[in-house]
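Okay, structure_34.cif now, which holds mmCIF, C-alpha atoms:
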```cif
data_input
loop_
_atom_site.label_atom_id
_atom_site.label_comp_id
_atom_site.auth_asym_id
_atom_site.auth_seq_id
_atom_site.Cartn_x
_atom_site.Cartn_y
_atom_site.Cartn_z
CA MET L 594 0.00 0.00 0.00
CA ALA L 595 1.27 3.42 -0.91
CA ASN L 596 -0.03 5.36 2.08
CA SER L 597 -0.64 4.25 5.65
CA ILE L 598 -1.28 7.57 7.37
CA PRO L 599 -4.05 6.93 9.94
CA GLY L 600 -7.34 8.36 8.79
CA SER L 601 -6.33 8.72 5.18
CA LEU L 602 -7.01 6.50 2.19
CA PRO L 603 -4.61 3.55 2.01
CA TYR L 604 -4.31 3.87 -1.77
CA THR L 605 -3.53 6.85 -3.96
CA ASP L 606 -4.30 7.91 -7.49
CA THR L 607 -3.01 10.70 -9.68
CA LYS L 608 -6.41 12.34 -10.01
CA PRO L 609 -8.27 13.97 -7.10
CA VAL L 610 -11.62 12.25 -7.61
CA GLY L 611 -12.74 9.00 -9.18
CA SER L 612 -14.62 8.52 -12.43
CA ALA L 613 -18.33 8.25 -11.64
CA ASP L 614 -19.08 5.92 -14.55
CA PHE L 615 -17.37 3.18 -12.53
CA TYR L 616 -20.50 3.22 -10.36
CA PHE L 617 -22.23 1.47 -13.27
CA ALA L 618 -19.82 -1.45 -12.92
CA ILE L 619 -20.35 -1.74 -9.16
CA ASN L 620 -24.09 -2.09 -9.70
CA SER L 621 -23.54 -4.55 -12.57
CA THR L 622 -21.17 -6.61 -10.42
CA PHE L 623 -23.87 -6.94 -7.76
CA ARG L 624 -26.46 -7.91 -10.38
CA PHE L 625 -24.12 -10.55 -11.82
CA ILE L 626 -23.34 -12.08 -8.42
CA LEU L 627 -26.97 -12.10 -7.33
CA HIS L 628 -27.95 -13.79 -10.62
CA ARG L 629 -25.10 -16.31 -10.68
CA LEU L 630 -24.47 -17.03 -6.99
CA GLY L 631 -27.66 -15.94 -5.26
CA HIS L 632 -28.16 -13.73 -2.23
CA SER L 633 -25.92 -15.88 -0.04
CA GLY L 634 -23.14 -15.61 -2.63
CA TRP L 635 -23.52 -11.84 -2.67
CA LEU L 636 -23.28 -11.71 1.14
CA ARG L 637 -20.17 -13.87 0.99
CA TYR L 638 -18.63 -11.55 -1.62
CA LEU L 639 -19.24 -8.49 0.55
CA ALA L 640 -17.90 -10.21 3.67
CA ASP L 641 -14.77 -11.37 1.85
CA LEU L 642 -14.29 -7.97 0.23
CA GLY L 643 -14.66 -6.29 3.60
CA THR L 644 -12.10 -8.44 5.36
CA GLY L 645 -9.82 -8.97 2.33
CA TYR L 646 -9.50 -5.96 0.05
CA TYR L 647 -10.26 -3.51 2.84
CA ALA L 648 -7.92 -5.13 5.38
CA PRO L 649 -5.49 -2.14 5.34
CA VAL L 650 -8.36 0.23 6.17
CA ASN L 651 -9.60 -2.07 8.91
CA THR L 652 -6.12 -2.08 10.40
CA GLN L 653 -6.06 1.72 10.33
CA TRP L 654 -9.38 1.78 12.14
CA ARG L 655 -8.33 -0.80 14.74
CA GLN L 656 -5.12 1.08 15.47
CA GLY L 657 -6.45 4.63 15.15
CA GLY L 658 -9.92 4.23 16.64
CA LEU L 659 -12.79 6.59 15.88
CA PRO L 660 -10.55 9.49 14.71
CA ALA L 661 -9.16 7.15 12.04
CA VAL L 662 -12.68 6.10 11.04
CA ALA L 663 -13.83 9.70 10.73
CA GLY L 664 -10.67 10.71 8.86
CA TYR L 665 -11.04 7.83 6.43
CA TRP L 666 -14.63 8.66 5.55
CA ARG L 667 -13.86 12.36 5.11
CA ALA L 668 -11.04 11.46 2.71
CA PHE L 669 -13.20 8.82 1.02
CA PHE L 670 -16.11 11.10 0.22
CA ALA L 671 -13.77 13.92 -0.85
CA ALA L 672 -12.56 11.55 -3.59
CA GLU L 673 -16.04 10.47 -4.71
CA PRO L 674 -17.74 12.78 -7.21
CA GLY L 675 -21.13 14.35 -6.59
CA GLY L 676 -21.92 13.41 -2.99
CA GLU L 677 -22.90 15.52 -0.02
CA VAL L 678 -21.88 13.91 3.25
CA ASP L 679 -21.36 15.22 6.78
CA VAL L 680 -19.04 13.11 8.95
CA GLN L 681 -19.58 13.64 12.69
CA GLU L 682 -17.19 12.22 15.29
CA LEU L 683 -18.85 11.67 18.69
CA PRO L 684 -17.32 10.18 21.86
CA ASP L 685 -18.53 6.63 21.18
CA ARG L 686 -19.32 6.65 17.46
CA VAL L 687 -18.84 8.17 14.05
CA GLU L 688 -21.93 9.11 12.09
CA LEU L 689 -21.99 9.56 8.33
CA HIS L 690 -24.93 11.72 7.37
CA VAL L 691 -25.26 11.04 3.66
CA LYS L 692 -27.48 13.78 2.31
CA VAL L 693 -26.74 12.93 -1.32
CA CYS L 694 -25.28 9.50 -2.09
CA PRO L 695 -22.91 9.99 -5.03
CA LEU L 696 -23.44 6.44 -6.23
CA ILE L 697 -27.24 6.38 -6.27
CA LYS L 698 -27.29 9.91 -7.68
CA HIS L 699 -25.13 8.93 -10.65
CA LEU L 700 -26.99 5.69 -11.36
CA ARG L 701 -30.36 7.46 -11.29
CA ALA L 702 -29.10 10.39 -13.39
CA HIS L 703 -28.09 7.96 -16.13
CA GLY L 704 -31.19 5.82 -16.07
CA ARG L 705 -29.44 2.85 -14.44
CA VAL L 706 -31.65 0.77 -12.16
CA PRO L 707 -29.86 -0.28 -8.97
CA VAL L 708 -30.41 -3.85 -7.82
CA LYS L 709 -33.08 -3.74 -5.14
CA GLU L 710 -30.59 -4.83 -2.49
CA PHE L 711 -28.09 -2.14 -3.51
CA CYS L 712 -28.18 -0.05 -0.34
CA GLN L 713 -27.85 -3.13 1.85
CA HIS L 714 -24.31 -3.49 0.54
CA CYS L 715 -23.21 -0.61 2.74
CA TYR L 716 -24.47 -2.47 5.80
CA HIS L 717 -23.06 -5.91 4.97
CA LEU L 718 -19.73 -4.53 3.78
CA GLY L 719 -19.57 -2.01 6.60
CA THR L 720 -20.31 -4.68 9.19
CA ALA L 721 -17.50 -6.89 7.90
CA ARG L 722 -15.06 -3.97 7.98
CA ALA L 723 -16.21 -2.71 11.37
CA GLY L 724 -16.06 -6.21 12.84
CA ALA L 725 -12.45 -6.59 11.74
CA ALA L 726 -11.67 -3.30 13.46
CA GLY L 727 -13.47 -4.13 16.71
CA LEU L 728 -16.40 -1.84 15.98
CA THR L 729 -20.09 -2.20 15.20
CA MET L 730 -21.93 -0.72 12.23
CA ARG L 731 -25.56 0.21 11.67
CA LEU L 732 -27.40 1.79 8.73
CA CYS L 733 -30.76 3.41 8.21
CA GLY L 734 -32.32 5.06 5.16
CA GLY L 735 -31.12 4.46 1.64
CA ASP L 736 -31.87 5.03 -2.03
CA GLY L 737 -30.08 8.36 -2.08
CA SER L 738 -29.77 9.49 1.53
CA CYS L 739 -28.96 7.54 4.68
CA MET L 740 -27.02 7.46 7.91
CA HIS L 741 -24.15 5.11 8.74
CA THR L 742 -22.97 4.62 12.32
CA TYR L 743 -19.61 3.11 13.24
CA ALA L 744 -19.49 2.68 17.02
CA LEU L 745 -17.43 1.32 19.84
CA PRO L 746 -18.92 -1.84 21.42
CA ALA L 747 -19.58 0.23 24.56
CA ALA L 748 -22.13 2.24 22.62
CA LYS L 749 -24.36 -0.87 22.70
CA LEU L 750 -26.22 0.00 19.53
CA PRO L 751 -29.53 -1.83 19.06
CA ALA L 752 -29.46 -4.71 16.59
CA GLN L 753 -29.70 -3.78 12.91
CA ASP L 754 -33.22 -3.89 11.53
CA LEU L 755 -32.76 -4.60 7.82
CA LYS L 756 -36.21 -3.14 7.21
CA LYS L 757 -34.71 0.24 8.05
CA ILE L 758 -32.64 0.03 4.87
CA LYS L 759 -34.70 1.09 1.87
CA GLU L 760 -34.98 -1.17 -1.15
CA ASN L 761 -33.96 0.41 -4.43
CA LEU L 762 -36.97 0.43 -6.70
CA PRO L 763 -37.02 1.15 -10.45
CA MET V 970 -19.83 2.12 0.47
CA ILE V 971 -17.71 0.88 -2.39
CA GLY V 972 -16.10 3.84 -4.09
CA CYS V 973 -15.08 4.76 -7.62
CA TYR V 974 -11.80 6.45 -6.61
CA ASP V 975 -10.16 3.07 -6.01
CA PHE V 976 -12.40 1.19 -8.44
CA CYS V 977 -9.52 -0.56 -10.19
CA GLY V 978 -8.38 -1.94 -6.85
CA HIS V 979 -11.60 -3.70 -5.85
CA TYR V 980 -12.33 -4.55 -9.50
CA GLU V 981 -9.04 -6.48 -9.69
CA TRP V 982 -9.68 -8.04 -6.28
CA THR V 983 -13.06 -9.20 -7.56
CA PHE V 984 -11.46 -11.08 -10.49
CA GLY V 985 -9.47 -13.16 -8.01
CA TRP V 986 -12.55 -13.77 -5.88
CA PHE V 987 -14.51 -15.02 -8.90
CA GLU V 988 -11.66 -17.33 -9.90
CA ARG V 989 -11.54 -18.85 -6.42
CA VAL V 990 -15.33 -19.26 -6.29
CA GLY V 991 -16.10 -20.39 -9.84
CA GLY V 992 -12.88 -20.77 -11.78
CA HIS V 993 -11.79 -19.08 -15.00
CA ALA V 994 -15.21 -19.60 -16.62
CA LEU V 995 -16.83 -17.38 -14.00
CA VAL V 996 -14.25 -14.64 -14.52
CA ARG V 997 -14.90 -14.71 -18.29
CA ALA V 998 -18.65 -14.67 -17.72
CA TYR V 999 -18.25 -11.66 -15.42
CA TRP V 1000 -16.33 -9.65 -18.00
CA ASP V 1001 -18.87 -10.43 -20.69
CA GLU V 1002 -22.19 -10.41 -18.83
CA ALA V 1003 -21.58 -7.80 -16.14
CA ILE V 1004 -19.15 -5.42 -17.87
CA ASN V 1005 -19.85 -5.78 -21.60
CA LEU V 1006 -23.56 -6.48 -21.62
CA ASP V 1007 -24.60 -4.48 -18.53
CA SER V 1008 -22.20 -1.86 -17.18
CA GLN V 1009 -20.84 -0.76 -20.55
CA ALA V 1010 -24.03 -1.23 -22.55
CA HIS V 1011 -23.76 2.42 -23.55
CA ALA V 1012 -20.43 1.68 -25.26
CA ARG V 1013 -21.86 -1.28 -27.16
CA ASP V 1014 -24.92 0.68 -28.29
CA LEU V 1015 -22.77 3.58 -29.49
CA ILE V 1016 -20.26 1.45 -31.39
CA LYS V 1017 -22.91 -0.81 -32.88
CA ALA V 1018 -24.76 2.25 -34.19
CA GLU V 1019 -21.83 4.41 -35.30
CA GLY V 1020 -18.78 2.18 -35.73
CA ILE V 1021 -15.41 3.90 -35.47
CA PRO V 1022 -16.91 7.38 -34.80
CA GLY V 1023 -18.77 5.74 -31.90
CA MET V 1024 -15.48 4.33 -30.56
CA LEU V 1025 -14.03 7.83 -30.71
CA LYS V 1026 -16.98 9.22 -28.74
CA TYR V 1027 -16.88 6.46 -26.12
CA TRP V 1028 -13.14 6.30 -25.45
CA GLY V 1029 -12.68 10.01 -25.92
CA HIS V 1030 -15.03 10.59 -23.00
CA THR V 1031 -14.14 7.72 -20.70
CA LEU V 1032 -10.37 8.04 -21.01
CA LEU V 1033 -10.47 11.77 -20.33
CA GLU V 1034 -12.32 10.97 -17.08
CA GLU V 1035 -10.00 8.14 -16.09
CA SER V 1036 -6.76 9.71 -17.28
CA PRO V 1037 -7.05 13.51 -17.29
CA ASP V 1038 -3.28 13.82 -17.61
CA LEU V 1039 -3.57 12.17 -21.03
CA GLY V 1040 -1.50 9.05 -20.60
CA PHE V 1041 -2.97 7.78 -23.85
CA HIS V 1042 -3.26 8.70 -27.53
CA ILE V 1043 -6.14 7.97 -29.91
CA SER V 1044 -5.67 7.62 -33.68
CA HIS V 1045 -8.41 6.85 -36.16
CA ARG V 1046 -8.99 6.46 -39.85
CA GLU V 1047 -11.90 5.16 -41.83
CA ASP V 1048 -10.65 1.57 -41.51
CA VAL V 1049 -9.00 1.51 -38.08
CA PHE V 1050 -9.37 2.85 -34.56
CA ARG V 1051 -6.23 2.81 -32.40
CA ILE V 1052 -5.39 3.63 -28.79
CA ASP V 1053 -1.84 3.77 -27.44
CA PHE V 1054 -1.62 3.70 -23.67
CA HIS V 1055 1.63 5.21 -22.43
CA GLN V 1056 0.44 5.23 -18.80
CA CYS V 1057 -2.66 3.10 -18.35
CA PRO V 1058 -4.67 4.76 -15.55
CA SER V 1059 -6.11 1.43 -14.47
CA ARG V 1060 -3.00 -0.77 -14.46
CA GLY V 1061 -1.02 2.19 -13.17
CA PHE V 1062 -3.25 2.42 -10.09
CA LEU V 1063 -2.54 -1.21 -9.26
CA LEU V 1064 1.21 -0.86 -9.78
CA ARG V 1065 1.47 2.30 -7.70
CA ASN V 1066 -0.49 0.76 -4.85
CA ASP V 1067 1.08 -2.71 -5.09
CA LEU V 1068 -2.28 -4.46 -5.52
CA LYS V 1069 -2.49 -7.96 -6.99
CA ASN V 1070 -5.21 -10.52 -6.34
CA TYR V 1071 -5.58 -11.95 -9.87
CA GLY V 1072 -3.15 -13.52 -12.33
CA ASP V 1073 -3.34 -11.05 -15.22
CA TYR V 1074 -5.40 -7.91 -14.69
CA CYS V 1075 -4.73 -6.75 -18.24
CA ASP V 1076 -6.88 -9.59 -19.60
CA HIS V 1077 -10.04 -7.84 -18.46
CA CYS V 1078 -9.89 -5.32 -21.31
CA MET V 1079 -10.06 -8.05 -23.96
CA GLY V 1080 -12.51 -9.85 -21.65
CA TRP V 1081 -15.21 -7.25 -22.21
CA THR V 1082 -14.20 -5.38 -25.36
CA GLY V 1083 -13.51 -8.60 -27.30
CA PRO V 1084 -17.09 -9.90 -27.14
CA MET V 1085 -18.44 -6.38 -27.63
CA MET V 1086 -16.39 -5.83 -30.77
CA LYS V 1087 -17.37 -9.24 -32.10
CA GLU V 1088 -21.03 -8.34 -31.76
CA CYS V 1089 -20.36 -5.01 -33.48
CA GLY V 1090 -18.42 -6.64 -36.35
CA TYR V 1091 -14.82 -5.80 -35.42
CA GLN V 1092 -11.62 -7.64 -34.50
CA ILE V 1093 -8.74 -6.52 -32.32
CA ASP V 1094 -4.97 -6.48 -32.68
CA HIS V 1095 -3.40 -5.78 -29.31
CA GLU V 1096 -0.29 -6.07 -27.17
CA HIS V 1097 0.22 -5.23 -23.49
CA ASN V 1098 3.41 -5.34 -21.48
CA HIS V 1099 1.82 -5.59 -17.99
CA ARG V 1100 3.59 -2.37 -16.97
CA GLY V 1101 0.86 0.07 -17.99
CA GLN V 1102 1.68 0.28 -21.68
CA CYS V 1103 -0.33 -1.27 -24.48
CA TRP V 1104 -1.80 -0.60 -27.90
CA TRP V 1105 -5.06 -1.54 -29.59
CA GLU V 1106 -6.05 -1.54 -33.26
CA ILE V 1107 -9.66 -2.28 -34.07
CA ARG V 1108 -10.66 -3.09 -37.64
CA PRO V 1109 -13.72 -4.57 -39.36
CA ALA V 1110 -13.87 -8.35 -38.98
CA GLY V 1111 -12.29 -10.16 -41.89
CA THR V 1112 -9.54 -7.62 -42.47
CA PRO V 1113 -6.51 -9.69 -43.52
CA GLY V 1114 -2.96 -9.54 -42.21
CA GLY V 1115 -1.16 -9.43 -38.90
CA HIS V 1116 -0.05 -6.50 -36.81
CA ALA V 1117 0.55 -3.24 -38.64
CA PRO V 1118 4.16 -2.00 -38.70
CA VAL V 1119 5.31 0.14 -35.77
CA GLY V 1120 4.31 3.77 -36.23
CA SER V 1121 2.16 3.14 -39.30
CA VAL V 1122 -1.10 4.18 -37.61
CA SER V 1123 -0.15 6.40 -34.66
CA GLY V 1124 3.26 7.68 -35.77
CA ASP V 1125 5.59 8.61 -32.94
CA LYS V 1126 2.83 7.99 -30.36
CA ASP V 1127 3.06 4.23 -30.98
CA ALA V 1128 3.50 2.59 -27.54
CA ARG V 1129 6.02 0.18 -29.06
CA LEU V 1130 8.39 3.12 -29.48
CA LEU V 1131 8.43 3.86 -25.74
CA PRO V 1132 11.88 3.32 -24.22
CA ASN V 1133 10.36 1.17 -21.46
CA TRP V 1134 8.16 -0.95 -23.76
CA LEU V 1135 10.39 -3.94 -23.16
CA ALA V 1136 11.91 -2.83 -19.87
CA PRO V 1137 12.80 -5.38 -17.17
CA GLY V 1138 9.55 -6.80 -15.82
CA ALA V 1139 7.72 -6.20 -19.07
CA LYS V 1140 6.24 -9.35 -20.58
CA LEU V 1141 4.30 -9.03 -23.81
CA ASP V 1142 0.95 -10.66 -24.39
CA ARG V 1143 -0.16 -10.49 -28.02
CA TYR V 1144 -3.54 -10.78 -29.73
CA THR V 1145 -3.98 -10.93 -33.50
CA LYS V 1146 -7.42 -10.37 -35.06
CA ALA V 1147 -8.96 -11.59 -31.82
CA ASN V 1148 -12.17 -11.28 -29.81
CA ASP V 1149 -11.49 -13.77 -27.02
CA PRO V 1150 -9.45 -12.98 -23.88
CA ASP V 1151 -7.89 -16.43 -24.00
CA ASP V 1152 -6.65 -16.08 -27.59
CA LYS V 1153 -3.34 -14.53 -26.59
CA THR V 1154 0.10 -15.67 -27.53
CA PRO V 1155 2.98 -14.84 -25.20
#
```
Would you write out, as structure tokens, the structure that this file holds?
Amino acid sequence: MANSIPGSLPYTDTKPVGSADFYFAINSTFRFILHRLGHSGWLRYLADLGTGYYAPVNTQWRQGGLPAVAGYWRAFFAAEPGGEVDVQELPDRVELHVKVCPLIKHLRAHGRVPVKEFCQHCYHLGTARAGAAGLTMRLCGGDGSCMHTYALPAAKLPAQDLKKIKENLP
Amino acid sequence: MIGCYDFCGHYEWTFGWFERVGGHALVRAYWDEAINLDSQAHARDLIKAEGIPGMLKYWGHTLLEESPDLGFHISHREDVFRIDFHQCPSRGFLLRNDLKNYGDYCDHCMGWTGPMMKECGYQIDHEHNHRGQCWWEIRPAGTPGGHAPVGSVSGDKDARLLPNWLAPGAKLDRYTKANDPDDKTP
């Protein structure tokens, strides 16, 4: 990894923000996995991605705690085009207030239909990453605006209700 | 959330995951079904409708977004569309960040463009050196002959003229009038 500064992105590119058309491929990847491997295969993909590809981030979070989590998400959304996100660091948790999700915004703007489970990916992936870092993760909302919470175990967040994550409808 | 800033990183990781879960056939199916037929359907529609001018519109837009510092060069004539990558933004991201979860990341380009071009009536001549340099020539299917001579289409922008084209660590994969990612000759 090119960069291991706590709270920053563990990878670097030569351009300041990503290319939004790649969001199409993320949605298509989910559709392909759901079609070929079913819902359980998709959950396995997200869990493996969370603990595999994102392992350097999880390590940053485990070592740096909530300031590293907040720093990561600030850097993350600064590099994603078109979003509007407020990252709040509280004593026992970090809250991501996603007012405009860059991914859903771009898909909708280009007539792409997200898979109905699309917004659940943030919960399943986030839970795998948080778990590896000794944290818990919860999500509510979806389909364009939502709130993510990454918390210390001491915060004793109530169990995730998947019904609080909106399905993505055509 | 999965981001687009590091897309090439988790995209490459995903190839390796598919290979472990379903073997090479699943990786090939992913490139064709998810990337060619779904994600990049706009490219296929444009090229099917307009041919080489459609290729110019598609890659002119997408490469400017991916590589604003212009690490590529596009050449086109009535009978051929060519791209020379001097600094592939995608492979370059992986090299800079030391990411490798799949055997040959570069295969993904032929993995989705090959079937797309076949459906649109074109074949591909191509070489990549696995170090972020490659070239592509796309001609109507049935065009005879092998690779065009160095510099004959893109002049001094031909990637094969780069001093590091065959640098240590560079290993050429070659495709001749191909549409299949497995039709390469080392």
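With distances taken over all atoms listed in the file, L:Ile626 is the one residue among L:Ala668, L:Ile626, L:Cys694, L:Ala726 lying closest to V:Glu1002.
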Write out as a list in words which residues come within 8 Å of V:Trp1134 when counting all atoms listed in the file, dropping same-chain ones fewer than 6 positions away.
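Skipping anything fewer than 6 positions along the chain leaves Asn1098, Gln1102 and Ala1128 of chain V.
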To verify the selection step, state as a CSV table (one decimal) with C-alpha atoms, in the coordinates of the input which residues the PyMOL selection byres ((chain V and resi 990) around 12) yields on this input.
```
chain,number,residue,atom,x,y,z
L,626,ILE,CA,-23.3,-12.1,-8.4
L,629,ARG,CA,-25.1,-16.3,-10.7
L,630,LEU,CA,-24.5,-17.0,-7.0
L,634,GLY,CA,-23.1,-15.6,-2.6
L,635,TRP,CA,-23.5,-11.8,-2.7
L,637,ARG,CA,-20.2,-13.9,1.0
L,638,TYR,CA,-18.6,-11.6,-1.6
L,641,ASP,CA,-14.8,-11.4,1.8
V,983,THR,CA,-13.1,-9.2,-7.6
V,984,PHE,CA,-11.5,-11.1,-10.5
V,985,GLY,CA,-9.5,-13.2,-8.0
V,986,TRP,CA,-12.6,-13.8,-5.9
V,987,PHE,CA,-14.5,-15.0,-8.9
V,988,GLU,CA,-11.7,-17.3,-9.9
V,989,ARG,CA,-11.5,-18.8,-6.4
V,991,GLY,CA,-16.1,-20.4,-9.8
V,992,GLY,CA,-12.9,-20.8,-11.8
V,993,HIS,CA,-11.8,-19.1,-15.0
V,994,ALA,CA,-15.2,-19.6,-16.6
V,995,LEU,CA,-16.8,-17.4,-14.0
V,996,VAL,CA,-14.2,-14.6,-14.5
```
Task: Distance query L:Cys733 at most 10 Å, only C-alpha atoms, self and fewer than 2 positions along chain excluded, as an NGL selection string - done: :L and (712-713 or 716 or 731 or 735 or 738-742 or 753-759)
C-alpha atoms of the current selection, written as a compact mmCIF listing (two decimals), in the frame of the given file:
```
# COMPACT_ATOMS: atom_id res chain seq x y z
CA CYS L 712 -28.18 -0.05 -0.34
CA GLN L 713 -27.85 -3.13 1.85
CA TYR L 716 -24.47 -2.47 5.80
CA ARG L 731 -25.56 0.21 11.67
CA GLY L 735 -31.12 4.46 1.64
CA SER L 738 -29.77 9.49 1.53
CA CYS L 739 -28.96 7.54 4.68
CA MET L 740 -27.02 7.46 7.91
CA HIS L 741 -24.15 5.11 8.74
CA THR L 742 -22.97 4.62 12.32
CA GLN L 753 -29.70 -3.78 12.91
CA ASP L 754 -33.22 -3.89 11.53
CA LEU L 755 -32.76 -4.60 7.82
CA LYS L 756 -36.21 -3.14 7.21
CA LYS L 757 -34.71 0.24 8.05
CA ILE L 758 -32.64 0.03 4.87
CA LYS L 759 -34.70 1.09 1.87
```
| task | Please write the residues picked by the PyMOL selection byres ((chain V) within 10 of (chain L)) on this file as JSON, numbers by chain. | result | {"V": [970, 971, 972, 973, 974, 975, 976, 977, 978, 979, 980, 981, 982, 983, 986, 987, 990, 991, 995, 998, 999, 1000, 1002, 1003, 1004, 1005, 1006, 1007, 1008, 1009, 1010, 1031, 1032, 1033, 1034, 1035, 1036, 1037, 1038, 1058, 1059, 1061, 1062, 1063, 1064, 1065, 1066, 1067, 1068, 1070]}
Practice problem: Dump as a PyMOL selection string all residues having an atom at most 9 Å from (-11.8, 6.2, 8.3), computed in the file's coordinates with all atoms listed in the file. | Solution: chain L and resi 599-602+650-651+653-654+657-669
So which one's closest to V:Met1085, V:Pro1150, V:Pro1118, V:Pro1132, V:Gly1072? Using only C-alpha atoms, please.
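When distances to V:Met1085 are compared using only C-alpha atoms, the smallest one comes from V:Pro1150.
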Fill in: Atom pair atom CA of V:Asp1048 / atom CA of V:Gly1124: separation (Å)
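Going from atom CA of V:Asp1048 over to atom CA of V:Gly1124, I get 16.2 Å.
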Selected residue, from L:Val706, L:Leu762, L:Ala744, L:Ala752, that lies nearest to L:Arg655 when counting all atoms listed in the file: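 For L:Arg655, the nearest of the candidates is L:Ala744.
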### Query
Which residue, V:Lys1087, V:Lys1026, V:Arg1129, V:His1055, has the smallest gap to V:Asn1148 when you use all atoms listed in the file?
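Between V:Lys1087, V:Lys1026, V:Arg1129, V:His1055, the residue approaching V:Asn1148 most closely is V:Lys1087.
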Around all of stretch 623-631 of chain L's listed atoms, make the axis-aligned box with 4 Å on each side and tell me centre and edge lengths in Å to one decimal, as JSON.
```
{"center_x": -25.6, "center_y": -12.0, "center_z": -8.5, "size_x": 12.6, "size_y": 18.1, "size_z": 14.6}
```
Distance of atom CA of V:Glu1096 from atom CA of V:Gly1115, expressed in Å to one decimal place =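 If I compute the distance from atom CA of V:Gly1115 to atom CA of V:Glu1096, I get 12.2 Å.
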Would you fill out stretch 641-654 of chain L with N, CA, C and O atoms and return it as a compact mmCIF listing (two decimals), in the coordinates of the input?
```
# COMPACT_ATOMS: atom_id res chain seq x y z
N ASP L 641 -16.17 -11.13 2.24
CA ASP L 641 -14.77 -11.37 1.85
C ASP L 641 -14.09 -10.08 1.40
O ASP L 641 -12.92 -9.84 1.70
N LEU L 642 -14.84 -9.26 0.66
CA LEU L 642 -14.29 -7.97 0.23
C LEU L 642 -13.96 -7.11 1.45
O LEU L 642 -12.90 -6.48 1.52
N GLY L 643 -14.85 -7.12 2.41
CA GLY L 643 -14.66 -6.29 3.60
C GLY L 643 -13.46 -6.69 4.42
O GLY L 643 -12.75 -5.84 4.96
N THR L 644 -13.23 -7.99 4.53
CA THR L 644 -12.10 -8.44 5.36
C THR L 644 -10.83 -8.66 4.54
O THR L 644 -9.74 -8.77 5.10
N GLY L 645 -10.97 -8.73 3.20
CA GLY L 645 -9.82 -8.97 2.33
C GLY L 645 -9.29 -7.67 1.73
O GLY L 645 -8.31 -7.10 2.20
N TYR L 646 -9.98 -7.17 0.73
CA TYR L 646 -9.50 -5.96 0.05
C TYR L 646 -9.34 -4.78 1.01
O TYR L 646 -8.39 -4.01 0.92
N TYR L 647 -10.29 -4.66 1.94
CA TYR L 647 -10.26 -3.51 2.84
C TYR L 647 -9.45 -3.74 4.10
O TYR L 647 -9.50 -2.92 5.03
N ALA L 648 -8.70 -4.83 4.17
CA ALA L 648 -7.92 -5.13 5.38
C ALA L 648 -7.01 -3.97 5.81
O ALA L 648 -6.93 -3.67 7.02
N PRO L 649 -6.33 -3.27 4.88
CA PRO L 649 -5.49 -2.14 5.34
C PRO L 649 -6.30 -1.03 6.01
O PRO L 649 -5.81 -0.40 6.96
N VAL L 650 -7.52 -0.79 5.53
CA VAL L 650 -8.36 0.23 6.17
C VAL L 650 -8.79 -0.25 7.56
O VAL L 650 -8.77 0.51 8.53
N ASN L 651 -9.17 -1.52 7.62
CA ASN L 651 -9.60 -2.07 8.91
C ASN L 651 -8.48 -1.97 9.95
O ASN L 651 -8.73 -1.68 11.12
N THR L 652 -7.26 -2.20 9.49
CA THR L 652 -6.12 -2.08 10.40
C THR L 652 -5.96 -0.64 10.88
O THR L 652 -5.70 -0.39 12.07
N GLN L 653 -6.12 0.29 9.94
CA GLN L 653 -6.06 1.72 10.33
C GLN L 653 -7.10 2.02 11.39
O GLN L 653 -6.84 2.72 12.37
N TRP L 654 -8.29 1.50 11.19
CA TRP L 654 -9.38 1.78 12.14
C TRP L 654 -9.09 1.14 13.50
O TRP L 654 -9.33 1.74 14.54
```
